[in-house]
file upload03.csv (CSV, C-alpha atoms and all ligand atoms)
chain,number,residue,atom,x,y,z
A,1,MET,CA,87.3,-122.8,39.8
A,2,ASP,CA,83.8,-121.9,39.0
A,3,ALA,CA,83.5,-118.8,36.7
A,4,ALA,CA,80.5,-116.5,37.1
A,5,THR,CA,77.9,-116.5,34.4
A,6,TYR,CA,76.3,-113.3,33.0
A,7,SER,CA,73.3,-112.7,30.8
A,8,GLY,CA,73.8,-110.8,27.7
A,9,ARG,CA,72.6,-110.2,24.1
A,10,TYR,CA,74.4,-111.4,21.1
A,11,SER,CA,74.2,-110.3,17.5
A,12,ASP,CA,76.1,-112.0,14.7
A,13,GLY,CA,76.0,-108.8,12.7
A,14,GLN,CA,74.6,-110.7,9.7
A,15,THR,CA,70.9,-110.4,10.5
A,16,ALA,CA,68.8,-107.8,12.4
A,17,ALA,CA,68.2,-110.3,15.2
A,18,THR,CA,69.8,-110.3,18.6
A,19,ARG,CA,69.5,-113.1,21.0
A,20,PRO,CA,69.9,-113.7,24.7
A,21,VAL,CA,73.1,-115.6,25.6
A,22,GLN,CA,74.9,-116.8,28.7
A,23,VAL,CA,78.4,-115.4,29.0
A,24,THR,CA,81.2,-117.0,31.0
A,25,LEU,CA,84.6,-115.5,31.7
A,26,ALA,CA,87.0,-118.5,31.2
A,27,ALA,CA,90.7,-118.5,31.7
A,28,THR,CA,91.7,-117.2,28.3
A,29,ALA,CA,88.5,-116.2,26.6
A,30,VAL,CA,84.9,-114.9,27.0
A,31,GLU,CA,82.7,-117.9,26.3
A,32,ILE,CA,79.3,-117.1,24.7
A,33,ALA,CA,76.8,-119.9,25.0
A,34,LEU,CA,74.4,-119.9,22.0
A,35,VAL,CA,71.3,-122.0,22.3
A,36,ASP,CA,71.6,-123.6,18.9
A,37,LYS,CA,75.3,-124.5,19.2
A,38,SER,CA,76.8,-127.3,21.4
A,39,GLU,CA,80.1,-125.4,21.7
A,40,PRO,CA,80.2,-121.9,23.0
A,41,GLU,CA,81.7,-119.2,20.8
A,42,ARG,CA,85.1,-118.1,22.3
A,43,TRP,CA,86.4,-114.6,22.1
A,44,THR,CA,90.0,-114.5,23.3
A,45,TYR,CA,90.7,-111.7,25.8
A,46,THR,CA,93.6,-110.3,23.7
A,47,LYS,CA,91.3,-109.8,20.7
A,48,LEU,CA,88.5,-108.0,22.4
A,49,ARG,CA,87.4,-104.5,21.5
A,50,ALA,CA,85.0,-102.2,23.5
A,51,ALA,CA,82.7,-99.5,22.2
A,52,ALA,CA,84.2,-97.1,24.7
A,53,PRO,CA,86.9,-97.5,27.4
A,54,VAL,CA,85.4,-99.8,30.0
A,55,SER,CA,85.4,-98.5,33.6
A,56,TRP,CA,85.2,-100.7,36.7
A,57,ARG,CA,81.8,-99.1,37.6
A,58,ASP,CA,80.1,-99.5,34.2
A,59,ASN,CA,76.7,-101.0,34.4
A,60,GLU,CA,76.8,-102.4,30.9
A,61,VAL,CA,79.5,-103.3,28.4
A,62,LEU,CA,79.4,-103.6,24.6
A,63,LEU,CA,82.1,-105.8,23.2
A,64,ARG,CA,83.3,-106.9,19.8
A,65,SER,CA,86.1,-109.3,18.8
A,66,ILE,CA,88.4,-109.2,15.8
A,67,GLU,CA,87.9,-112.9,15.7
A,68,ALA,CA,84.2,-112.4,15.0
A,69,PRO,CA,83.8,-109.5,12.5
A,70,GLY,CA,80.5,-107.8,12.8
A,71,ALA,CA,79.3,-109.6,15.9
A,72,THR,CA,78.5,-107.7,19.1
A,73,LEU,CA,78.0,-108.8,22.6
A,74,PHE,CA,76.1,-106.6,25.0
A,75,VAL,CA,76.2,-107.4,28.7
A,76,PRO,CA,74.0,-105.2,30.9
A,77,ASP,CA,75.3,-106.6,34.2
A,78,PRO,CA,76.9,-104.2,36.8
A,79,GLY,CA,79.4,-107.0,37.8
A,80,PHE,CA,80.6,-107.8,34.3
A,81,ALA,CA,82.7,-104.7,33.7
A,82,SER,CA,85.1,-105.2,36.6
A,83,ALA,CA,85.2,-109.0,36.0
A,84,VAL,CA,86.1,-108.6,32.3
A,85,LEU,CA,88.7,-105.9,33.1
A,86,LYS,CA,90.6,-108.4,35.3
A,87,HIS,CA,91.1,-110.6,32.3
A,88,SER,CA,91.5,-107.9,29.7
A,89,PRO,CA,92.8,-104.7,31.4
A,90,ARG,CA,93.4,-103.1,28.0
A,91,LEU,CA,89.7,-102.6,27.6
A,92,SER,CA,90.0,-99.7,30.0
A,93,VAL,CA,92.2,-97.8,27.5
A,94,SER,CA,90.7,-95.9,24.6
A,95,ALA,CA,93.6,-97.0,22.3
A,96,HIS,CA,91.2,-99.1,20.2
A,97,ARG,CA,88.9,-97.0,18.3
A,98,TRP,CA,85.6,-98.6,17.8
A,99,ARG,CA,84.5,-98.9,14.2
A,100,TYR,CA,80.7,-99.1,14.1
A,101,ALA,CA,80.5,-100.3,10.5
A,102,ALA,CA,81.6,-103.8,11.2
A,103,PRO,CA,84.2,-104.9,8.7
A,104,GLY,CA,85.7,-101.4,8.7
A,105,LEU,CA,86.3,-98.8,6.1
A,106,ALA,CA,85.1,-100.8,3.1
A,107,ILE,CA,81.6,-100.9,4.5
A,108,THR,CA,81.7,-97.3,5.6
A,109,ALA,CA,82.8,-96.3,2.2
A,110,ALA,CA,80.1,-98.3,0.5
A,111,PHE,CA,77.5,-96.9,2.9
A,112,ILE,CA,78.6,-93.3,2.1
A,113,LEU,CA,78.4,-94.0,-1.6
A,114,GLY,CA,75.0,-95.6,-1.1
A,115,ILE,CA,73.5,-92.6,0.6
A,116,THR,CA,75.1,-90.2,-1.9
A,117,ALA,CA,73.3,-92.2,-4.6
A,118,ILE,CA,70.1,-92.0,-2.7
A,119,TYR,CA,70.3,-88.2,-2.4
A,120,ALA,CA,71.3,-88.0,-6.1
A,121,LEU,CA,68.1,-89.9,-6.9
A,122,GLN,CA,66.0,-87.7,-4.7
A,123,LEU,CA,64.3,-90.7,-3.0
A,124,HIS,CA,62.8,-90.5,0.4
A,125,PRO,CA,66.2,-89.6,1.9
A,126,ALA,CA,65.9,-90.2,5.6
A,127,GLN,CA,63.9,-93.4,5.3
A,128,ALA,CA,66.2,-94.7,2.6
A,129,VAL,CA,69.3,-93.9,4.5
A,130,ALA,CA,67.8,-95.7,7.6
A,131,ASN,CA,67.4,-98.8,5.4
A,132,VAL,CA,71.1,-99.0,4.6
A,133,ILE,CA,72.6,-98.3,8.1
A,134,PRO,CA,74.4,-101.4,9.3
A,135,HIS,CA,72.6,-103.2,12.1
A,136,ALA,CA,75.5,-102.9,14.5
A,137,LEU,CA,75.4,-99.1,14.1
A,138,ARG,CA,71.6,-98.9,14.6
A,139,GLU,CA,72.0,-100.9,17.8
A,140,ALA,CA,74.9,-98.7,19.0
A,141,ILE,CA,72.8,-95.6,18.4
A,142,GLY,CA,69.9,-97.2,20.2
A,143,ARG,CA,71.9,-98.1,23.2
A,144,LYS,CA,73.2,-94.6,23.4
A,145,ALA,CA,69.7,-93.2,23.2
A,146,MET,CA,68.5,-95.7,25.7
A,147,ALA,CA,71.2,-94.8,28.2
A,148,GLU,CA,70.5,-91.1,27.9
A,149,LEU,CA,66.7,-91.6,28.2
A,150,THR,CA,66.9,-93.9,31.2
A,151,GLY,CA,69.9,-92.4,32.9
A,152,ASP,CA,68.1,-90.4,35.6
A,153,HIS,CA,65.3,-92.8,36.1
A,154,ARG,CA,65.1,-96.2,37.7
A,155,GLU,CA,64.5,-99.1,35.4
A,156,CYS,CA,61.7,-101.4,36.6
A,157,THR,CA,63.0,-104.9,36.8
A,158,SER,CA,61.1,-106.9,39.4
A,159,ALA,CA,61.8,-110.6,38.7
A,160,GLU,CA,58.3,-111.8,38.1
A,161,GLY,CA,57.3,-108.6,36.2
A,162,THR,CA,60.3,-109.0,33.9
A,163,LYS,CA,59.4,-112.6,33.3
A,164,ALA,CA,55.9,-111.7,32.3
A,165,LEU,CA,57.1,-108.9,30.1
A,166,ASP,CA,59.6,-111.2,28.3
A,167,THR,CA,56.8,-113.7,27.7
A,168,LEU,CA,54.6,-111.0,26.1
A,169,VAL,CA,57.5,-109.5,24.1
A,170,GLY,CA,58.6,-112.9,22.9
A,171,GLU,CA,55.2,-113.8,21.6
A,172,LEU,CA,54.7,-110.4,19.9
A,173,SER,CA,58.1,-110.5,18.3
A,174,LYS,CA,57.4,-113.9,16.9
A,175,ALA,CA,53.9,-112.8,15.7
A,176,SER,CA,55.6,-109.8,13.9
A,177,GLU,CA,57.2,-112.3,11.5
A,178,SER,CA,59.9,-109.7,11.0
A,179,GLY,CA,62.8,-112.0,12.2
A,180,LYS,CA,63.5,-109.3,14.8
A,181,LEU,CA,63.5,-110.0,18.6
A,182,PHE,CA,62.6,-106.8,20.3
A,183,SER,CA,64.0,-105.7,23.6
A,184,VAL,CA,61.6,-103.8,25.9
A,185,ARG,CA,62.5,-101.8,29.0
A,186,VAL,CA,60.2,-100.3,31.5
A,187,VAL,CA,61.3,-97.0,33.1
A,188,ASN,CA,59.9,-95.6,36.3
A,189,TRP,CA,58.2,-92.5,34.8
A,190,ASP,CA,54.8,-91.4,35.9
A,191,LEU,CA,53.9,-90.2,32.4
A,192,VAL,CA,52.1,-92.5,30.0
A,193,ASN,CA,54.7,-92.9,27.4
A,194,ALA,CA,56.1,-95.4,24.9
A,195,PHE,CA,58.6,-95.1,22.1
A,196,ALA,CA,60.7,-97.1,19.8
A,197,VAL,CA,64.5,-96.7,19.9
A,198,PRO,CA,66.8,-97.7,17.0
A,199,GLY,CA,68.0,-101.3,16.9
A,200,GLU,CA,64.7,-103.0,17.8
A,201,GLN,CA,64.4,-101.5,21.2
A,202,ILE,CA,61.4,-100.1,23.0
A,203,VAL,CA,60.9,-98.1,26.1
A,204,ILE,CA,57.6,-98.0,28.0
A,205,SER,CA,56.9,-96.0,31.2
A,206,GLY,CA,55.6,-97.4,34.5
A,207,GLY,CA,52.8,-94.8,34.1
A,208,LEU,CA,51.6,-96.6,30.9
A,209,ILE,CA,51.4,-99.9,32.6
A,210,GLU,CA,49.7,-98.2,35.6
A,211,ALA,CA,47.1,-96.7,33.2
A,212,ALA,CA,46.4,-99.9,31.3
A,213,LYS,CA,43.5,-102.0,32.4
A,214,SER,CA,44.7,-105.3,30.9
A,215,ALA,CA,47.8,-106.9,29.4
A,216,ASP,CA,46.0,-106.7,26.0
A,217,GLU,CA,46.1,-102.9,26.2
A,218,VAL,CA,49.9,-103.0,26.8
A,219,ALA,CA,50.2,-105.6,24.0
A,220,GLY,CA,48.6,-103.2,21.6
A,221,VAL,CA,51.0,-100.4,22.5
A,222,LEU,CA,54.0,-102.7,22.2
A,223,ALA,CA,52.8,-104.0,18.8
A,224,HIS,CA,52.4,-100.4,17.6
A,225,GLU,CA,56.0,-99.6,18.8
A,226,MET,CA,57.2,-102.8,17.1
A,227,GLY,CA,55.6,-101.4,13.9
A,228,HIS,CA,57.7,-98.3,14.1
A,229,GLY,CA,60.8,-100.5,14.8
A,230,ILE,CA,60.1,-102.7,11.7
A,231,GLU,CA,59.7,-99.6,9.5
A,232,LEU,CA,62.9,-98.1,11.0
A,233,HIS,CA,61.0,-94.9,11.9
A,234,PRO,CA,63.2,-94.0,14.9
A,235,GLU,CA,66.3,-94.3,12.8
A,236,ALA,CA,64.8,-92.2,10.0
A,237,GLY,CA,63.6,-89.6,12.5
A,238,ILE,CA,67.1,-89.3,14.0
A,239,ILE,CA,68.6,-88.9,10.5
A,240,ARG,CA,66.0,-86.4,9.5
A,241,SER,CA,66.8,-84.3,12.6
A,242,MET,CA,70.5,-84.5,12.9
A,243,GLY,CA,71.3,-84.7,9.2
A,244,VAL,CA,73.2,-87.2,7.1
A,245,SER,CA,76.5,-85.3,7.4
A,246,ALA,CA,76.6,-85.8,11.2
A,247,LEU,CA,76.0,-89.5,10.6
A,248,ILE,CA,78.8,-89.8,8.1
A,249,GLN,CA,81.1,-88.0,10.5
A,250,LEU,CA,80.1,-90.5,13.2
A,251,LEU,CA,80.8,-93.4,10.9
A,252,ALA,CA,84.1,-92.1,9.6
A,253,GLY,CA,85.5,-90.9,12.8
A,254,GLY,CA,83.7,-92.8,15.5
A,255,ASN,CA,83.0,-89.4,17.1
A,256,THR,CA,79.7,-89.6,18.9
A,257,GLY,CA,79.8,-85.9,19.9
A,258,SER,CA,77.1,-84.9,17.4
A,259,LEU,CA,74.9,-87.7,18.8
A,260,THR,CA,75.0,-86.3,22.3
A,261,ASN,CA,71.4,-85.5,22.4
A,262,VAL,CA,70.1,-88.5,20.5
A,263,GLY,CA,67.9,-89.5,23.4
A,264,ALA,CA,66.3,-86.1,23.8
A,265,LEU,CA,65.9,-86.0,20.1
A,266,LEU,CA,63.9,-89.3,20.1
A,267,LEU,CA,61.6,-87.8,22.8
A,268,GLU,CA,60.9,-84.9,20.6
A,269,LEU,CA,60.2,-86.8,17.4
A,270,ARG,CA,56.6,-86.4,16.2
A,271,TYR,CA,55.7,-89.1,13.7
A,272,SER,CA,53.8,-88.2,10.7
A,273,ARG,CA,50.2,-89.4,10.1
A,274,GLU,CA,51.6,-91.9,7.5
A,275,ALA,CA,54.1,-93.3,9.9
A,276,GLU,CA,51.4,-93.7,12.6
A,277,HIS,CA,49.2,-95.5,10.0
A,278,GLU,CA,52.0,-97.8,9.1
A,279,ALA,CA,52.8,-98.6,12.8
A,280,ASP,CA,49.1,-99.2,13.4
A,281,THR,CA,48.8,-101.5,10.4
A,282,HIS,CA,51.7,-103.6,11.7
A,283,ALA,CA,50.2,-103.5,15.2
A,284,LEU,CA,46.9,-105.0,14.0
A,285,ARG,CA,48.7,-107.6,12.0
A,286,ILE,CA,50.9,-108.6,14.9
A,287,LEU,CA,47.9,-108.8,17.3
A,288,LYS,CA,46.0,-110.9,14.8
A,289,ASN,CA,48.9,-113.3,14.4
A,290,ALA,CA,49.2,-113.6,18.2
A,291,ASP,CA,45.5,-114.1,18.5
A,292,ILE,CA,45.1,-111.1,20.7
A,293,SER,CA,42.0,-108.9,20.2
A,294,PRO,CA,42.7,-105.3,19.0
A,295,LYS,CA,39.7,-104.0,20.9
A,296,PRO,CA,41.5,-103.3,24.2
A,297,PHE,CA,44.2,-101.4,22.2
A,298,GLY,CA,41.4,-99.2,20.6
A,299,ASP,CA,39.7,-98.8,24.0
A,300,PHE,CA,43.0,-97.7,25.7
A,301,PHE,CA,43.6,-95.3,22.9
A,302,LYS,CA,40.2,-93.7,23.2
A,303,ARG,CA,40.5,-93.5,27.0
A,304,LEU,CA,43.8,-91.7,26.7
A,305,MET,CA,42.4,-89.3,24.1
A,306,LYS,CA,39.6,-88.5,26.4
A,307,ILE,CA,42.0,-87.7,29.2
A,308,GLU,CA,44.1,-85.6,26.8
A,309,SER,CA,41.1,-83.5,25.8
A,310,GLY,CA,40.3,-82.9,29.4
A,311,GLY,CA,37.2,-85.0,29.2
A,312,SER,CA,38.1,-87.2,32.2
A,313,SER,CA,35.0,-87.5,34.3
A,314,ASN,CA,36.6,-87.0,37.6
A,315,SER,CA,38.9,-84.1,36.6
A,316,ASP,CA,39.4,-81.1,38.8
A,317,SER,CA,41.9,-78.4,38.1
A,318,SER,CA,44.9,-80.2,39.7
A,319,SER,CA,44.3,-83.5,38.0
A,320,LYS,CA,43.8,-81.7,34.7
A,321,ALA,CA,47.3,-80.3,34.8
A,322,GLN,CA,48.5,-83.8,35.5
A,323,SER,CA,46.4,-85.2,32.8
A,324,SER,CA,48.0,-83.3,30.0
A,325,ALA,CA,51.4,-84.5,31.2
A,326,ASP,CA,50.1,-88.0,31.6
A,327,THR,CA,49.5,-88.5,27.9
A,328,ALA,CA,53.0,-87.7,26.7
A,329,ILE,CA,52.6,-90.7,24.4
A,330,PHE,CA,50.6,-88.6,22.0
A,331,SER,CA,53.3,-86.1,21.4
A,332,THR,CA,55.4,-88.8,19.7
A,333,HIS,CA,52.4,-90.7,18.3
A,334,PRO,CA,49.8,-88.1,17.3
A,335,PRO,CA,46.3,-89.5,17.8
A,336,THR,CA,43.5,-89.2,15.4
A,337,PRO,CA,39.9,-90.5,15.6
A,338,GLU,CA,40.7,-92.7,12.5
A,339,ARG,CA,43.4,-94.4,14.4
A,340,ALA,CA,41.1,-95.4,17.2
A,341,LYS,CA,38.4,-96.5,14.7
A,342,MET,CA,40.9,-98.6,12.8
A,343,ALA,CA,41.6,-100.7,15.9
A,344,THR,CA,37.9,-101.0,16.7
A,345,ASP,CA,37.0,-102.0,13.2
A,346,ALA,CA,39.7,-104.7,13.3
A,347,ALA,CA,38.1,-106.3,16.3
A,348,THR,CA,36.4,-109.1,14.4
A,349,TYR,CA,37.7,-112.0,16.4
A,350,PRO,CA,37.6,-112.7,20.2
A,351,GLY,CA,41.2,-113.5,20.7
A,352,LYS,CA,42.8,-115.0,23.8
A,353,PRO,CA,44.2,-113.1,26.8
A,354,SER,CA,47.8,-112.1,26.0
A,355,LEU,CA,48.9,-112.9,29.6
A,356,SER,CA,47.5,-115.0,32.4
A,357,ASP,CA,46.0,-113.1,35.3
A,358,MET,CA,49.0,-114.0,37.4
A,359,ASP,CA,51.5,-112.7,34.8
A,360,TRP,CA,49.4,-109.5,34.3
A,361,ARG,CA,49.5,-108.8,38.1
A,362,ALA,CA,53.3,-109.4,38.0
A,363,LEU,CA,53.7,-107.0,35.1
A,364,LYS,CA,51.5,-104.4,36.9
A,365,ALA,CA,53.9,-104.6,39.8
A,366,ILE,CA,57.1,-104.5,37.8
A,367,CYS,CA,58.1,-101.0,39.2
A,368,GLU,CA,57.4,-101.9,42.8
B,1,ZN,ZN,53.3,-94.3,16.8

call {"tool": "encode", "arguments": {"input": "upload03.csv", "output": "C-alpha cells"}}
result
Amino acid sequence: MDAATYSGRYSDGQTAATRPVQVTLAATAVEIALVDKSEPERWTYTKLRAAAPVSWRDNEVLLRSIEAPGATLFVPDPGFASAVLKHSPRLSVSAHRWRYAAPGLAITAAFILGITAIYALQLHPAQAVANVIPHALREAIGRKAMAELTGDHRECTSAEGTKALDTLVGELSKASESGKLFSVRVVNWDLVNAFAVPGEQIVISGGLIEAAKSADEVAGVLAHEMGHGIELHPEAGIIRSMGVSALIQLLAGGNTGSLTNVGALLLELRYSREAEHEADTHALRILKNADISPKPFGDFFKRLMKIESGGSSNSDSSSKAQSSADTAIFSTHPPTPERAKMATDAATYPGKPSLSDMDWRALKAICE
C-alpha cells in the first residue's frame, strides 16, 4: 500500500534551524525523511504529542515525540490532520499537555532562574530574555502569531511564485550566515507591509510585491526582516509588551490565554531607531554576501516615503487616503532619511539580479 507523502518542517530542537522534510505515515510510525540521513527518523504513533488537540479539519499540525526530545515537526497540509488521526486517534484528545520547553520542567526552571538573574542584573531585560527563550517556544509563539495574522486572509501560494520565493529566501538565508533558514509567507493584503515573526518567520503582503519594481527591492525588504529575526527583535517586542510574568505563566502552565493577541501585538510593534539601524546593517551585509545591489532597496524605501508624505505625483484626494494605508510597513519600521541614505551609500558594487526575469514574473503573480 502506498502511503501519502506530506511536506513539513522539522527542527531537532538543538539549533535554531528548521528544515524542509518529507513526511510519510507508515504502518506504525510517522516517517520523517531528512536530506542528510539515509534512514528516515521514525516517530511511533503511540509516542506522539500535539501542541493542541488535533481536529480533522486542521490545516496544520505541530507534533512532537517523546522519542525525540526537543524536536518538532510542523506539517502545514490540510490533508495531514485527518490522516494522522486515523493512526493516532489520541491526538484529538487534550489529555497530553504540551510542554513548550522541550525537556520539560528542568529547562523551564532554568529559564525562569535565568530571567530572574537578568532582571536582578538590570540588563536590557526584554532583549536578554528573548535570547534565552528555547527555540521550540519561539517557534510555537511565531506559529500562533502567524495563524492569527493570516487567519482572515488568503495566503498567496501559486506554484511558480512559491518556487521563485523559496529560491530567493534560500539564497538570502544562506547569505545571512546566521545558520537560520527563514520561512516567508505572502498574504493577500493590499497594504504594503512586511514584518518578522518569532522563530525565523516573515510575513510580506501581496501589496508589497505589487508595489515593488524588481525582485531586488523585495530582496532588500526580506533582508531587513531577516535582520530583525537574527536580532530576535519580534521576540523582544512581544516580551516588552506582554511582560515576563505572562511568559512565565505560559511556560509553566502551557496556558496560551495571555498570548491571545500576540498577532495583533506584532502588528502594533514599533521598532526603535536602534533596532531599525541593526536590521538595516544586517540587510546590507546579507545583500552584499548574496551579491545583490542595495540600491533598489534604497530606491524602494525612498519611493514609499514619498507616497507616505503625500508626495506621490499622481495623487488626488481618493488615492491619497489609500496611500497612507498603503505604507503600513512604516508603522512597524519607522523610516528616516538616514536609513534611505545608508542603503544608497552602500551601493558601491553592481551586483547581479536576485531572480531571473521569469522567476520575478512568477513572484509578481504569486497572489493570482
Ligand atoms: Zn524594521

call {"tool": "closest_residue", "arguments": {"input": "upload03.csv", "among": "A:Arg90, A:His233, A:Lys144, A:Lys174", "to": "ligand ZN 1 (chain B)", "atoms": "only C-alpha atoms and all ligand atoms"}}
result
A:His233

call {"tool": "residues_around", "arguments": {"input": "upload03.csv", "residues": "range 215-227 of chain A", "least_positions_apart": "4", "cutoff": "8 Å", "atoms": "only C-alpha atoms", "output": "PyMOL selection string"}}
result
chain A and resi 168-169+172-173+176+182+194-196+200+202+208-209+231+278-284+286-287+292-294+296-297+299-300+353-355+360

call {"tool": "atom_distance", "arguments": {"input": "upload03.csv", "atom1": "CA of Leu363 in chain A", "atom2": "CA of Ser158 in chain A"}}
result
8.6 Å

call {"tool": "atom_distance", "arguments": {"input": "upload03.csv", "atom1": "CA of Pro350 in chain A", "atom2": "CA of Gly298 in chain A"}}
result
14.0 Å

call {"tool": "atom_distance", "arguments": {"input": "upload03.csv", "atom1": "CA of Gly229 in chain A", "atom2": "CA of Phe301 in chain A"}}
result
19.7 Å

call {"tool": "closest_residue", "arguments": {"input": "upload03.csv", "among": "A:Gly263, A:Lys352, A:Asn131, A:Tyr45", "to": "Gly151 in chain A", "atoms": "all atoms listed in the file"}}
result
A:Gly263

call {"tool": "residues_around", "arguments": {"input": "upload03.csv", "residues": "Arg154 in chain A", "least_positions_apart": "6", "cutoff": "10 Å", "atoms": "all atoms listed in the file", "output": "JSON, numbers by chain"}}
result
{"A": [186, 187, 188, 189, 367]}

call {"tool": "closest_residue", "arguments": {"input": "upload03.csv", "among": "A:Asp359, A:Glu274, A:Glu235, A:Glu368", "to": "ligand ZN 1 (chain B)", "atoms": "all atoms listed in the file"}}
result
A:Glu274

call {"tool": "residues_around", "arguments": {"input": "upload03.csv", "residues": "Arg19 in chain A", "least_positions_apart": "5", "cutoff": "9 Å", "atoms": "all atoms listed in the file", "output": "ChimeraX atom specification"}}
result
/A:8-11,34,181

call {"tool": "write_last_selection", "arguments": {"input": "upload03.csv", "atoms": "C-alpha atoms", "output": "PDB file, keeping the file's coordinate frame"}}
result
ATOM      1  CA  GLY A   8      73.800-110.800  27.700  1.00  0.00           C
ATOM      2  CA  ARG A   9      72.600-110.200  24.100  1.00  0.00           C
ATOM      3  CA  TYR A  10      74.400-111.400  21.100  1.00  0.00           C
ATOM      4  CA  SER A  11      74.200-110.300  17.500  1.00  0.00           C
ATOM      5  CA  LEU A  34      74.400-119.900  22.000  1.00  0.00           C
ATOM      6  CA  LEU A 181      63.500-110.000  18.600  1.00  0.00           C
TER       7      LEU A 181
END

call {"tool": "closest_residue", "arguments": {"input": "upload03.csv", "among": "A:Ser7, A:Trp43, A:Thr28, A:Ala145", "to": "Asp77 in chain A", "atoms": "all atoms listed in the file"}}
result
A:Ser7

call {"tool": "residues_around", "arguments": {"input": "upload03.csv", "residues": "Arg339 in chain A", "least_positions_apart": "3", "cutoff": "9 Å", "atoms": "all atoms listed in the file", "output": "list in words"}}
result
Glu276, His277, Asp280, Gly298, Phe301, Pro335, Thr336, Met342, Ala343 and Thr344 of chain A

call {"tool": "closest_residue", "arguments": {"input": "upload03.csv", "among": "A:Ala29, A:Ala275, A:Val75, A:Ile238", "to": "ligand ZN 1 (chain B)", "atoms": "all atoms listed in the file"}}
result
A:Ala275

call {"tool": "build_atoms", "arguments": {"input": "upload03.csv", "residues": "range 215-221 of chain A", "atoms": "all heavy atoms", "output": "CSV table (one decimal), keeping the file's coordinate frame"}}
result
chain,number,residue,atom,x,y,z
A,215,ALA,N,46.5,-106.6,30.1
A,215,ALA,CA,47.8,-106.9,29.4
A,215,ALA,C,47.5,-106.7,27.9
A,215,ALA,O,48.5,-106.3,27.2
A,215,ALA,CB,48.2,-108.4,29.7
A,216,ASP,N,46.3,-106.9,27.4
A,216,ASP,CA,46.0,-106.7,26.0
A,216,ASP,C,46.2,-105.3,25.6
A,216,ASP,O,46.6,-105.0,24.5
A,216,ASP,CB,44.6,-107.2,25.7
A,216,ASP,CG,44.4,-108.7,25.8
A,216,ASP,OD1,45.4,-109.3,26.2
A,216,ASP,OD2,43.3,-109.2,25.6
A,217,GLU,N,45.9,-104.3,26.5
A,217,GLU,CA,46.1,-102.9,26.2
A,217,GLU,C,47.6,-102.7,26.0
A,217,GLU,O,48.1,-102.0,25.1
A,217,GLU,CB,45.5,-102.0,27.3
A,217,GLU,CG,44.0,-102.1,27.4
A,217,GLU,CD,43.4,-101.1,28.3
A,217,GLU,OE1,44.1,-100.4,29.0
A,217,GLU,OE2,42.1,-101.0,28.2
A,218,VAL,N,48.4,-103.2,26.9
A,218,VAL,CA,49.9,-103.0,26.8
A,218,VAL,C,50.4,-103.7,25.5
A,218,VAL,O,51.2,-103.2,24.8
A,218,VAL,CB,50.6,-103.6,28.1
A,218,VAL,CG1,52.1,-103.5,27.9
A,218,VAL,CG2,50.1,-102.9,29.3
A,219,ALA,N,49.8,-104.9,25.2
A,219,ALA,CA,50.2,-105.6,24.0
A,219,ALA,C,50.0,-104.8,22.8
A,219,ALA,O,50.8,-104.7,21.9
A,219,ALA,CB,49.5,-106.9,23.9
A,220,GLY,N,48.9,-104.1,22.8
A,220,GLY,CA,48.6,-103.2,21.6
A,220,GLY,C,49.6,-102.1,21.4
A,220,GLY,O,50.1,-101.8,20.3
A,221,VAL,N,50.0,-101.5,22.6
A,221,VAL,CA,51.0,-100.4,22.5
A,221,VAL,C,52.3,-101.0,22.0
A,221,VAL,O,53.0,-100.4,21.2
A,221,VAL,CB,51.1,-99.7,23.9
A,221,VAL,CG1,52.3,-98.8,23.9
A,221,VAL,CG2,49.9,-99.0,24.3
